[in-house]
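Visitor: Following this line is data_30.txt, made up of compact mmCIF, C-alpha atoms:
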```
# COMPACT_ATOMS: atom_id res chain seq x y z
CA ARG Z 1 35.06 26.78 -2.09
CA GLU Z 2 38.80 27.58 -2.23
CA LYS Z 3 38.85 27.51 1.59
CA GLU Z 4 37.19 24.07 1.57
CA ALA Z 5 39.66 22.83 -1.02
CA ALA Z 6 42.62 24.03 1.04
CA SER Z 7 41.33 22.21 4.11
CA GLY Z 8 40.75 18.97 2.19
CA ARG Z 9 37.08 18.97 3.10
CA GLY Z 10 33.88 20.13 1.49
CA HIS Z 11 31.76 19.21 -1.44
CA TYR Z 12 32.81 19.29 -5.09
CA ASP Z 13 30.76 19.43 -8.27
CA GLY Z 14 30.62 15.92 -9.70
CA LEU Z 15 30.14 14.21 -6.33
CA SER Z 16 26.51 15.25 -6.00
CA SER Z 17 23.66 12.75 -6.07
CA ASP Z 18 21.21 15.50 -7.03
CA ASP Z 19 22.05 15.26 -10.73
CA GLU Z 20 22.18 11.48 -11.08
CA LEU Z 21 19.11 11.27 -13.32
CA LEU Z 22 17.62 13.88 -15.59
CA GLU Z 23 13.99 14.64 -14.75
CA SER Z 24 12.95 13.87 -18.34
CA ASN Z 25 14.61 10.44 -18.18
CA ARG Z 26 13.07 9.75 -14.78
CA LEU Z 27 9.56 10.58 -15.98
CA LYS Z 28 10.05 8.45 -19.09
CA PHE Z 29 11.15 5.50 -16.97
CA VAL Z 30 8.21 5.93 -14.56
CA ASN Z 31 5.71 6.02 -17.45
CA GLU Z 32 7.22 2.94 -19.07
CA MET Z 33 7.06 1.05 -15.77
CA LYS Z 34 3.40 2.00 -15.35
CA GLU Z 35 2.68 0.65 -18.83
CA VAL Z 36 4.49 -2.62 -18.07
CA SER Z 37 2.63 -2.94 -14.78
CA ALA Z 38 -0.73 -2.36 -16.48
CA LYS Z 39 0.01 -5.00 -19.10
CA GLY Z 40 1.12 -7.42 -16.38
CA LYS Z 41 -2.33 -7.27 -14.81
CA LEU Z 42 -3.84 -8.59 -18.05
CA VAL Z 43 -1.65 -11.69 -18.29
CA PHE Z 44 -4.04 -13.95 -16.37
CA GLU Z 45 -7.30 -12.13 -17.00
CA ASP Z 46 -8.81 -15.15 -18.82
CA VAL Z 47 -7.40 -17.77 -16.39
CA VAL Z 48 -9.46 -19.40 -13.63
CA GLU Z 49 -8.34 -18.23 -10.17
CA ASP Z 50 -7.50 -21.77 -9.10
CA PHE Z 51 -4.58 -21.71 -11.52
CA CYS Z 52 -3.27 -18.15 -11.16
CA LYS Z 53 -3.68 -17.26 -7.50
CA VAL Z 54 -0.73 -18.15 -5.27
CA SER Z 55 -2.83 -18.87 -2.18
CA LEU Z 56 -5.20 -21.26 -4.02
CA ILE Z 57 -2.40 -23.16 -5.73
CA LYS Z 58 -0.64 -23.44 -2.37
CA GLU Z 59 -3.78 -24.95 -0.81
CA ARG Z 60 -4.03 -27.60 -3.55
CA PHE Z 61 -0.45 -28.74 -3.10
CA GLU Z 62 -0.73 -28.74 0.70
CA LYS Z 63 -3.85 -30.95 0.50
CA TRP Z 64 -1.83 -33.36 -1.63
CA LYS Z 65 1.11 -33.26 0.78
CA PHE Z 66 -0.94 -33.75 3.95
CA GLY Z 67 -3.42 -36.24 2.45
CA PHE Z 68 -1.18 -38.35 0.22
CA SER Z 69 2.37 -37.74 1.45
CA ASP Z 70 3.83 -40.87 -0.18
CA SER Z 71 2.75 -39.99 -3.73
CA TYR Z 72 3.71 -36.34 -3.04
CA GLN Z 73 7.26 -37.38 -2.24
CA GLN Z 74 7.45 -39.97 -5.03
CA ALA Z 75 6.48 -37.28 -7.56
CA PHE Z 76 9.29 -34.99 -6.25
CA ILE Z 77 6.79 -32.16 -5.93
CA SER Z 78 9.15 -30.17 -3.68
CA LEU Z 79 11.56 -29.82 -6.60
CA CYS Z 80 8.76 -28.81 -8.98
CA LEU Z 81 7.22 -26.12 -6.79
CA PRO Z 82 9.72 -23.34 -7.62
CA ARG Z 83 8.85 -23.76 -11.32
CA VAL Z 84 5.15 -23.77 -10.55
CA PHE Z 85 5.23 -20.55 -8.51
CA ALA Z 86 8.01 -18.72 -10.39
CA PRO Z 87 5.76 -17.18 -13.12
CA LEU Z 88 3.32 -15.91 -10.49
CA VAL Z 89 6.13 -14.44 -8.39
CA GLN Z 90 7.68 -12.84 -11.48
CA LEU Z 91 4.38 -11.21 -12.27
CA GLN Z 92 4.10 -9.75 -8.77
CA MET Z 93 7.64 -8.41 -9.07
CA VAL Z 94 7.30 -6.95 -12.56
CA ASP Z 95 7.53 -3.37 -11.24
CA TRP Z 96 9.82 -4.15 -8.28
CA ASN Z 97 12.92 -1.96 -8.52
CA PRO Z 98 15.28 -1.96 -5.51
CA LEU Z 99 17.32 0.81 -7.12
CA GLN Z 100 14.56 3.23 -6.12
CA ALA Z 101 14.24 4.70 -2.64
CA ASP Z 102 10.54 3.86 -2.24
CA CYS Z 103 10.83 0.23 -3.35
CA PRO Z 104 9.08 -2.20 -0.97
CA ASP Z 105 11.02 -5.08 0.54
CA PHE Z 106 10.30 -8.24 -1.46
CA GLU Z 107 9.83 -10.05 1.84
CA SER Z 108 6.74 -7.91 2.46
CA MET Z 109 5.10 -9.00 -0.80
CA SER Z 110 2.07 -11.27 -0.71
CA TRP Z 111 3.75 -14.20 -2.49
CA PHE Z 112 6.49 -14.28 0.15
CA GLU Z 113 4.11 -14.10 3.10
CA ILE Z 114 1.85 -16.79 1.61
CA LEU Z 115 4.62 -19.24 0.75
CA MET Z 116 6.84 -18.66 3.76
CA PHE Z 117 5.05 -21.38 5.75
CA PHE Z 118 4.24 -23.66 2.84
CA GLY Z 119 3.70 -27.24 4.00
CA TYR Z 120 3.77 -26.30 7.67
CA ARG Z 121 0.90 -27.11 10.03
CA GLU Z 122 0.53 -25.01 13.14
CA GLY Z 123 1.44 -26.87 16.30
CA GLU Z 124 3.77 -29.30 14.53
CA GLU Z 125 7.55 -29.22 14.62
CA PRO Z 126 8.94 -28.66 11.11
CA ASP Z 127 11.05 -31.49 9.73
CA PRO Z 128 14.55 -30.12 9.00
CA ASP Z 129 14.85 -32.61 6.12
CA ASP Z 130 11.63 -31.39 4.49
CA GLU Z 131 12.53 -30.11 1.01
CA ASP Z 132 9.60 -27.70 1.10
CA LEU Z 133 11.57 -25.57 3.57
CA GLN Z 134 13.76 -24.64 0.59
CA LEU Z 135 10.86 -23.23 -1.43
CA ILE Z 136 11.48 -19.57 -0.54
CA PRO Z 137 15.30 -19.76 -0.90
CA ARG Z 138 14.87 -21.46 -4.28
CA LEU Z 139 12.39 -18.82 -5.45
CA VAL Z 140 14.80 -16.09 -4.35
CA ALA Z 141 17.54 -17.67 -6.48
CA LYS Z 142 15.20 -18.41 -9.38
CA VAL Z 143 13.24 -15.13 -9.49
CA VAL Z 144 14.64 -12.40 -7.24
CA VAL Z 145 18.29 -12.76 -8.23
CA PRO Z 146 17.62 -12.75 -12.02
CA ARG Z 147 15.36 -9.73 -11.51
CA ILE Z 148 18.21 -7.89 -9.79
CA ALA Z 149 20.63 -9.00 -12.51
CA GLY Z 150 18.37 -7.55 -15.21
CA LEU Z 151 18.09 -4.23 -13.37
CA LEU Z 152 21.85 -4.10 -12.87
CA GLN Z 153 22.50 -4.74 -16.54
CA HIS Z 154 19.88 -2.44 -18.04
CA VAL Z 155 18.80 0.14 -15.42
CA TRP Z 156 21.54 0.62 -12.81
CA ASP Z 157 23.72 3.69 -13.22
CA PRO Z 158 27.16 2.98 -11.66
CA LEU Z 159 27.62 6.74 -11.28
CA SER Z 160 24.65 6.85 -8.92
CA THR Z 161 25.78 6.50 -5.33
CA SER Z 162 22.24 6.09 -3.99
CA GLN Z 163 21.37 3.30 -6.44
CA THR Z 164 24.67 1.54 -5.80
CA ARG Z 165 24.34 1.59 -2.03
CA ARG Z 166 20.78 0.29 -2.15
CA VAL Z 167 21.54 -2.65 -4.41
CA VAL Z 168 24.81 -3.51 -2.62
CA ALA Z 169 22.98 -3.59 0.75
CA LEU Z 170 20.29 -5.83 -0.77
CA ILE Z 171 22.76 -8.30 -2.27
CA ARG Z 172 24.76 -8.46 0.96
CA ARG Z 173 21.54 -9.30 2.79
CA LEU Z 174 20.60 -11.98 0.28
CA ALA Z 175 24.05 -13.56 0.54
CA GLU Z 176 23.76 -13.66 4.34
CA ASP Z 177 20.13 -14.80 4.63
CA TYR Z 178 19.68 -17.20 1.71
CA PRO Z 179 22.03 -20.16 1.20
CA THR Z 180 20.93 -20.42 -2.44
CA VAL Z 181 22.52 -17.04 -3.20
CA SER Z 182 26.09 -18.27 -3.39
CA ALA Z 183 29.06 -18.49 -5.74
CA GLU Z 184 27.96 -21.99 -6.78
CA ASN Z 185 24.52 -20.83 -7.90
CA LYS Z 186 24.14 -20.23 -11.66
CA GLU Z 187 21.80 -17.25 -11.28
CA THR Z 188 24.13 -15.62 -8.77
CA GLN Z 189 27.08 -16.08 -11.11
CA GLU Z 190 25.12 -14.45 -13.92
CA MET Z 191 24.20 -11.55 -11.65
CA PHE Z 192 27.84 -10.83 -10.82
CA THR Z 193 28.77 -11.15 -14.48
CA ALA Z 194 26.18 -8.44 -15.20
CA ILE Z 195 27.66 -6.26 -12.45
CA LEU Z 196 31.19 -6.49 -13.85
CA LEU Z 197 30.00 -5.90 -17.41
CA ARG Z 198 28.08 -2.79 -16.40
CA MET Z 199 31.04 -1.43 -14.41
CA ARG Z 200 33.42 -1.89 -17.34
CA GLN Z 201 30.94 -0.21 -19.66
CA SER Z 202 30.70 2.74 -17.31
CA ILE Z 203 34.48 3.08 -17.03
CA ASP Z 204 34.84 3.00 -20.82
CA ASN Z 205 31.86 5.20 -21.70
CA ASP Z 206 31.10 7.51 -18.76
CA VAL Z 207 34.57 8.64 -17.68
CA TYR Z 208 36.21 11.56 -19.41
CA ILE Z 209 38.74 13.91 -17.81
CA PRO Z 210 40.09 16.46 -20.31
CA LEU Z 211 43.83 17.12 -20.26
CA PHE Z 212 44.33 20.89 -20.08
CA THR Z 213 47.64 22.60 -19.51
CA ALA Z 214 48.35 24.12 -16.09
CA THR Z 215 48.06 27.59 -17.68
CA GLN Z 216 44.54 26.82 -18.96
CA LEU Z 217 43.48 25.88 -15.43
CA GLU Z 218 44.87 28.93 -13.65
CA ASN Z 219 41.54 30.76 -13.71
CA SER Z 220 39.27 28.94 -11.26
CA LEU Z 221 36.21 30.74 -12.65
CA SER Z 222 36.74 29.70 -16.27
CA ALA Z 223 34.45 27.20 -18.00
CA LYS Z 224 37.42 24.90 -18.71
CA TYR Z 225 38.43 24.81 -15.05
CA CYS Z 226 34.87 24.10 -13.85
CA PHE Z 227 34.33 21.36 -16.44
CA TYR Z 228 37.70 19.77 -15.67
CA GLN Z 229 37.03 19.72 -11.92
CA ARG Z 230 33.53 18.34 -12.38
CA GLN Z 231 34.78 15.49 -14.57
CA PHE Z 232 37.56 14.67 -12.13
CA TRP Z 233 35.23 14.46 -9.13
CA SER Z 234 32.70 12.49 -11.15
CA CYS Z 235 35.42 9.89 -11.72
CA VAL Z 236 36.22 9.88 -7.98
CA LYS Z 237 32.55 9.29 -7.34
CA LEU Z 238 32.51 6.29 -9.69
CA LEU Z 239 35.62 4.99 -7.91
CA GLY Z 240 33.78 5.12 -4.58
CA ASN Z 241 30.69 3.46 -6.02
CA ILE Z 242 32.72 0.58 -7.43
CA THR Z 243 34.55 -0.01 -4.14
CA GLU Z 244 31.15 -0.28 -2.41
CA TRP Z 245 31.21 -3.82 -3.84
CA ALA Z 246 34.23 -4.81 -1.74
CA GLY Z 247 33.50 -8.10 -0.02
CA LEU Z 248 31.10 -9.17 -2.76
CA LEU Z 249 33.38 -9.11 -5.79
CA ALA Z 250 36.70 -10.97 -5.87
CA PRO Z 251 39.47 -8.65 -4.54
CA ASP Z 252 41.73 -9.18 -7.57
CA THR Z 253 38.91 -8.32 -9.98
CA LEU Z 254 37.89 -5.25 -8.00
CA GLN Z 255 41.48 -4.01 -7.71
CA GLU Z 256 41.98 -4.40 -11.45
CA LEU Z 257 38.85 -2.34 -12.14
CA VAL Z 258 39.68 0.35 -9.60
CA LEU Z 259 43.46 0.70 -9.75
CA ASP Z 260 44.15 -0.06 -13.40
CA GLY Z 261 40.80 1.06 -14.82
CA LEU Z 262 40.34 4.33 -12.89
CA VAL Z 263 43.21 5.42 -10.64
CA ASN Z 264 46.17 4.90 -12.95
CA ARG Z 265 44.30 5.30 -16.22
CA TYR Z 266 42.47 8.55 -15.45
CA LEU Z 267 42.91 10.06 -11.99
CA LEU Z 268 46.69 9.89 -11.61
CA LEU Z 269 47.22 11.18 -15.15
CA SER Z 270 44.91 14.08 -14.38
CA LEU Z 271 46.77 14.94 -11.18
CA GLN Z 272 50.12 14.86 -12.95
CA ASN Z 273 48.86 17.44 -15.47
CA SER Z 274 47.09 19.76 -13.01
CA PRO Z 275 48.50 22.89 -11.29
CA THR Z 276 50.44 22.36 -8.08
CA SER Z 277 48.24 23.37 -5.16
CA PRO Z 278 46.80 22.07 -1.86
CA LEU Z 279 43.74 21.02 -3.89
CA SER Z 280 45.89 18.27 -5.42
CA VAL Z 281 46.47 16.93 -1.91
CA SER Z 282 42.72 16.92 -1.26
CA LYS Z 283 42.17 15.04 -4.50
CA ALA Z 284 44.76 12.40 -3.62
CA GLU Z 285 43.22 12.02 -0.15
CA ALA Z 286 39.78 11.59 -1.70
CA ILE Z 287 41.06 8.88 -4.04
CA ILE Z 288 42.80 6.88 -1.31
CA SER Z 289 39.85 7.30 1.08
CA LYS Z 290 37.61 5.51 -1.43
CA LEU Z 291 39.79 2.38 -1.35
CA PRO Z 292 38.85 -0.33 1.20
CA PRO Z 293 41.08 -0.20 4.32
CA SER Z 294 41.70 -3.94 3.97
CA TRP Z 295 43.65 -3.23 0.79
CA PHE Z 296 46.37 -1.53 2.84
CA SER Z 297 46.90 -4.33 5.35
CA GLU Z 298 50.34 -5.84 5.79
CA GLY Z 299 51.31 -8.02 2.86
CA SER Z 300 48.73 -6.35 0.61
CA THR Z 301 49.25 -6.50 -3.17
CA VAL Z 302 47.87 -2.98 -3.65
CA THR Z 303 51.14 -1.17 -2.95
CA ARG Z 304 52.63 -2.06 -6.34
CA PRO Z 305 49.82 -0.60 -8.53
CA LEU Z 306 49.93 2.56 -6.38
CA GLN Z 307 53.65 3.17 -6.84
CA GLY Z 308 52.88 5.81 -9.46
CA MET Z 309 50.64 7.63 -6.99
CA ALA Z 310 53.36 7.42 -4.30
CA ARG Z 311 55.95 8.93 -6.66
CA TYR Z 312 53.53 11.68 -7.65
CA LEU Z 313 52.82 12.58 -4.01
CA THR Z 314 56.54 12.68 -3.19
CA HIS Z 315 57.12 15.04 -6.13
CA LEU Z 316 54.08 17.14 -5.15
CA ALA Z 317 55.48 17.61 -1.63
CA GLU Z 318 58.77 18.79 -3.13
CA LEU Z 319 57.02 21.26 -5.47
CA LEU Z 320 54.84 22.65 -2.67
CA HIS Z 321 57.90 23.13 -0.46
CA ARG Z 322 59.82 24.96 -3.20
CA ALA Z 323 56.89 27.23 -3.99
CA SER Z 324 56.54 28.23 -0.32
CA ILE Z 325 60.17 29.27 0.25
CA THR Z 326 59.53 32.92 -0.60
CA SER Z 327 55.95 32.95 0.72
CA PRO Z 328 54.71 34.79 3.84
CA ASP Z 329 54.78 32.87 7.12
CA HIS Z 330 51.04 32.11 7.13
CA GLU Z 331 51.34 30.59 3.62
CA LYS Z 332 54.33 28.54 4.71
CA LYS Z 333 52.28 27.19 7.60
CA LYS Z 334 49.48 26.14 5.23
CA THR Z 335 51.97 24.48 2.90
CA ARG Z 336 53.58 22.59 5.78
CA LEU Z 337 50.19 21.25 6.83
CA ALA Z 338 49.55 20.14 3.23
CA ILE Z 339 52.92 18.37 3.10
CA GLU Z 340 52.20 16.68 6.43
CA ARG Z 341 48.93 15.40 4.96
CA ILE Z 342 50.91 14.00 2.02
CA ALA Z 343 53.32 12.18 4.37
CA LYS Z 344 50.45 10.67 6.36
CA LEU Z 345 48.73 9.62 3.16
CA LEU Z 346 51.91 7.84 2.02
CA VAL Z 347 52.04 6.02 5.37
CA LYS Z 348 48.43 4.93 4.92
CA MET Z 349 49.30 3.65 1.43
CA GLN Z 350 52.13 1.55 2.93
CA ALA Z 351 54.59 3.64 0.85
CA HIS Z 352 56.97 3.90 3.81
CA ALA Z 353 60.12 4.71 1.82
CA GLU Z 354 58.45 7.69 0.13
CA ALA Z 355 56.86 8.81 3.41
CA LEU Z 356 60.29 8.72 5.09
CA VAL Z 357 61.76 10.93 2.34
CA VAL Z 358 58.97 13.52 2.67
CA ALA Z 359 59.03 13.47 6.49
CA THR Z 360 62.82 13.76 6.68
CA GLU Z 361 63.11 16.60 4.18
CA ASN Z 362 60.37 18.58 5.94
CA LYS Z 363 61.28 17.58 9.54
CA LEU Z 364 57.86 16.08 10.26
CA ASN Z 365 58.69 14.54 13.61
CA ASP Z 366 55.25 13.03 14.25
CA VAL Z 367 55.40 11.13 10.98
CA LEU Z 368 59.00 10.04 11.60
CA GLU Z 369 58.02 8.64 15.00
CA ALA Z 370 55.10 6.78 13.44
CA LEU Z 371 57.41 5.26 10.83
CA LYS Z 372 59.91 4.13 13.47
CA SER Z 373 57.23 2.13 15.25
CA ARG Z 374 56.42 0.15 12.10
```
As structure tokens, what does this structure read like?
Guide:
Amino acid sequence: REKEAASGRGHYDGLSSDDELLESNRLKFVNEMKEVSAKGKLVFEDVVEDFCKVSLIKERFEKWKFGFSDSYQQAFISLCLPRVFAPLVQLQMVDWNPLQADCPDFESMSWFEILMFFGYREGEEPDPDDEDLQLIPRLVAKVVVPRIAGLLQHVWDPLSTSQTRRVVALIRRLAEDYPTVSAENKETQEMFTAILLRMRQSIDNDVYIPLFTATQLENSLSAKYCFYQRQFWSCVKLLGNITEWAGLLAPDTLQELVLDGLVNRYLLLSLQNSPTSPLSVSKAEAIISKLPPSWFSEGSTVTRPLQGMARYLTHLAELLHRASITSPDHEKKKTRLAIERIAKLLVKMQAHAEALVVATENKLNDVLEALKSR
């Protein structure tokens, strides 16, 4: 593990997805979902099929549309259909949970397949102005999006990388495929409000990195050291999960959550109070690697909030250099490689002044050449 830490690679306790949910909690959730699903099947048990089966209701409205199109349009049935089908779709989706790995795609559900061609007769060209073509997109906004919002608010664990990646991929797909899932849509706005609320709750309640003295962390086998490292890497994991939402959440909002809420509030403070070692370089690299590359483009506003990190890295390079002066040659070589990683990290962060200082003091010619070309 020490070898992995020195190289800047490897796995650290706290980053694992294996411990995202206790088995007892998982079983409790599964049992509760089974109970909800069983109760859902009883909702329409005393209702005639003509009024609770999606396919039969669809047939009735299509007969109206094809047989009496004028009255169908005058009654604005196309606008009423999402309300008619919404309860039936909600019932089919009562145990749908896209946070789980084995969750079926909602587009493979019977309600979707039945209603996808609502009002369309085979052999006829669909009318692009036909409001019924918006039935599925409207149901997605009216039923699917609120369902996701509820799961994000009450079930999603922001510390779970697997859950986060699944739901982010789903929402990206919805935003691309369904015009009703947009910033102007009320349900979509409420979904993103739930996302931000849950993230802030996680930052306030789930993150805790104890501040031990450097002396207390000298023994890498001690309980304090192991707990401290696990909490640090757990925070890095949350950082990466939050930045998965880049491109969906407003950049300013995401940067405020990530840089002010996690990097400067917890991670940088932890680094400043930890022992000087190549592991600190690996930690800084891990933090910066979790930030979207677009944040470091020319003219980016990220450089200012990361000034504290840049100053810390410059100081860390100086401390590592001093500590290696009396070290054997092979240790000096390792330290030089660590300092070179620091300089390159500063360049990536657009902290060119600090990178120039580190590269000049340590005669890092490759980095100096890179800086000249900028």
Visitor: Mind checking which residues fall within 9 Å of Z:Tyr228, counting all atoms listed in the file, ignoring those fewer than 5 positions away in the same chain, and posting them as an NGL selection string?
Guide: :Z and (209-212 or 217 or 223 or 233)
Visitor: Around (13.2, -22.2, 1.4) in the file's frame, which residues reach within 12 Å when counting all atoms listed in the file? Return as a VMD selection string?
Guide: chain Z and resid 78 to 79 81 to 82 112 115 to 119 128 to 142 177 to 181
Visitor: Rank nothing, just name the residue among Z:Gln201, Z:Asn264, Z:Thr213, Z:Gln90 nearest to Z:Phe106, using all atoms listed in the file.
Guide: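 Among the listed residues, the smallest separation from Z:Phe106 belongs to Z:Gln90.
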Visitor: Taking into account only C-alpha atoms, which residue in the set Z:Val357, Z:Ala317, Z:Cys226, Z:Ile77 is nearest to Z:Phe61?
Guide: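 Checking each of Z:Val357, Z:Ala317, Z:Cys226, Z:Ile77 against Z:Phe61, counting only C-alpha atoms, the winner is Z:Ile77.
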Visitor: Using atom CA of Z:Ile288 and atom CA of Z:Pro158 as the two end points, give the distance in Å to one decimal.
Guide: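 According to the coordinates, atom CA of Z:Ile288 and atom CA of Z:Pro158 are separated by 19.2 Å.
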Visitor: One decimal, Å: what's the distance from atom CA of Z:Gln272 over to atom CA of Z:Lys333, could you say?
Guide: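 Here the two named atoms are 24.1 Å from each other.
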Visitor: If we count all atoms listed in the file, what is near stretch 250-257 of chain Z at a cut-off of 9 Å, once residues fewer than 6 positions away on the same chain are taken out, given as number ranges by chain?
Guide: Z: 196, 199-200, 203, 242-243, 295, 302
Visitor: Have a look at Z:Ser277, Z:Glu190, Z:Ala38, Z:Leu238 and name the one nearest to Z:Glu331; count all atoms listed in the file.
Guide: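 That would be Z:Ser277, the residue with the smallest distance to Z:Glu331.
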Visitor: Could you work out how far atom CA of Z:Gln307 lies from atom CA of Z:Val258, giving the answer in Å with one decimal?
Guide: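 Between atom CA of Z:Val258 and atom CA of Z:Gln307 the gap is 14.5 Å.
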Visitor: Choose the residue, out of Z:Glu354, Z:Asp105, Z:Asp13, Z:Asp366, that has the smallest atom-to-atom separation from Z:Phe227; count all atoms listed in the file.
Guide: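 Looking at the shortest contact to Z:Phe227, the residue is Z:Asp13.
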Visitor: Counting all atoms listed in the file, I want the residues whose atoms come within 7 Å of (27.0, -3.1, -13.8) in the file frame, returned as JSON, numbers by chain.
Guide: {"Z": [152, 153, 156, 158, 194, 195, 196, 197, 198, 199]}
Visitor: Using only C-alpha atoms, please write the residues we just selected to a file, as a compact mmCIF listing (two decimals), in the coordinates of the input.
Guide:
```txt
# COMPACT_ATOMS: atom_id res chain seq x y z
CA LEU Z 152 21.85 -4.10 -12.87
CA GLN Z 153 22.50 -4.74 -16.54
CA TRP Z 156 21.54 0.62 -12.81
CA PRO Z 158 27.16 2.98 -11.66
CA ALA Z 194 26.18 -8.44 -15.20
CA ILE Z 195 27.66 -6.26 -12.45
CA LEU Z 196 31.19 -6.49 -13.85
CA LEU Z 197 30.00 -5.90 -17.41
CA ARG Z 198 28.08 -2.79 -16.40
CA MET Z 199 31.04 -1.43 -14.41
```
Visitor: Would you kindly return, as a list of chain:residue names, each protein, DNA or RNA residue with an atom no farther than 12 Å from any atom of Z:Asn365, considering only C-alpha atoms and excluding same-chain residues fewer than 5 positions away?
Guide: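 After dropping sequence-adjacent residues, the list is Z:Glu340, Z:Ala343, Z:Lys344, Z:Ala355, Z:Leu356, Z:Val358, Z:Ala359, Z:Thr360, Z:Ala370, Z:Leu371, Z:Lys372.
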Visitor: Smallest atom-to-atom distance to Z:Ala353: which of Z:Arg173, Z:Gly247, Z:Glu369, Z:Thr314, using only C-alpha atoms?
Guide: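 Residue with the minimum atom-to-atom distance to Z:Ala353: Z:Thr314.
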Visitor: Using only C-alpha atoms, which of the listed residues (Z:Val54, Z:Leu337, Z:Cys235, Z:Leu320) sits closest to Z:Leu262?
Guide: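 Among the listed residues, Z:Cys235 lies closest to Z:Leu262.
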Visitor: Considering all atoms listed in the file, return as a PyMOL selection string whatever protein or nucleic-acid residues lie within 9 Å of Z:Glu244, sequence-local ones (same chain, fewer than 6 positions apart) excluded.
Guide: chain Z and resi 164-165+168+290+292
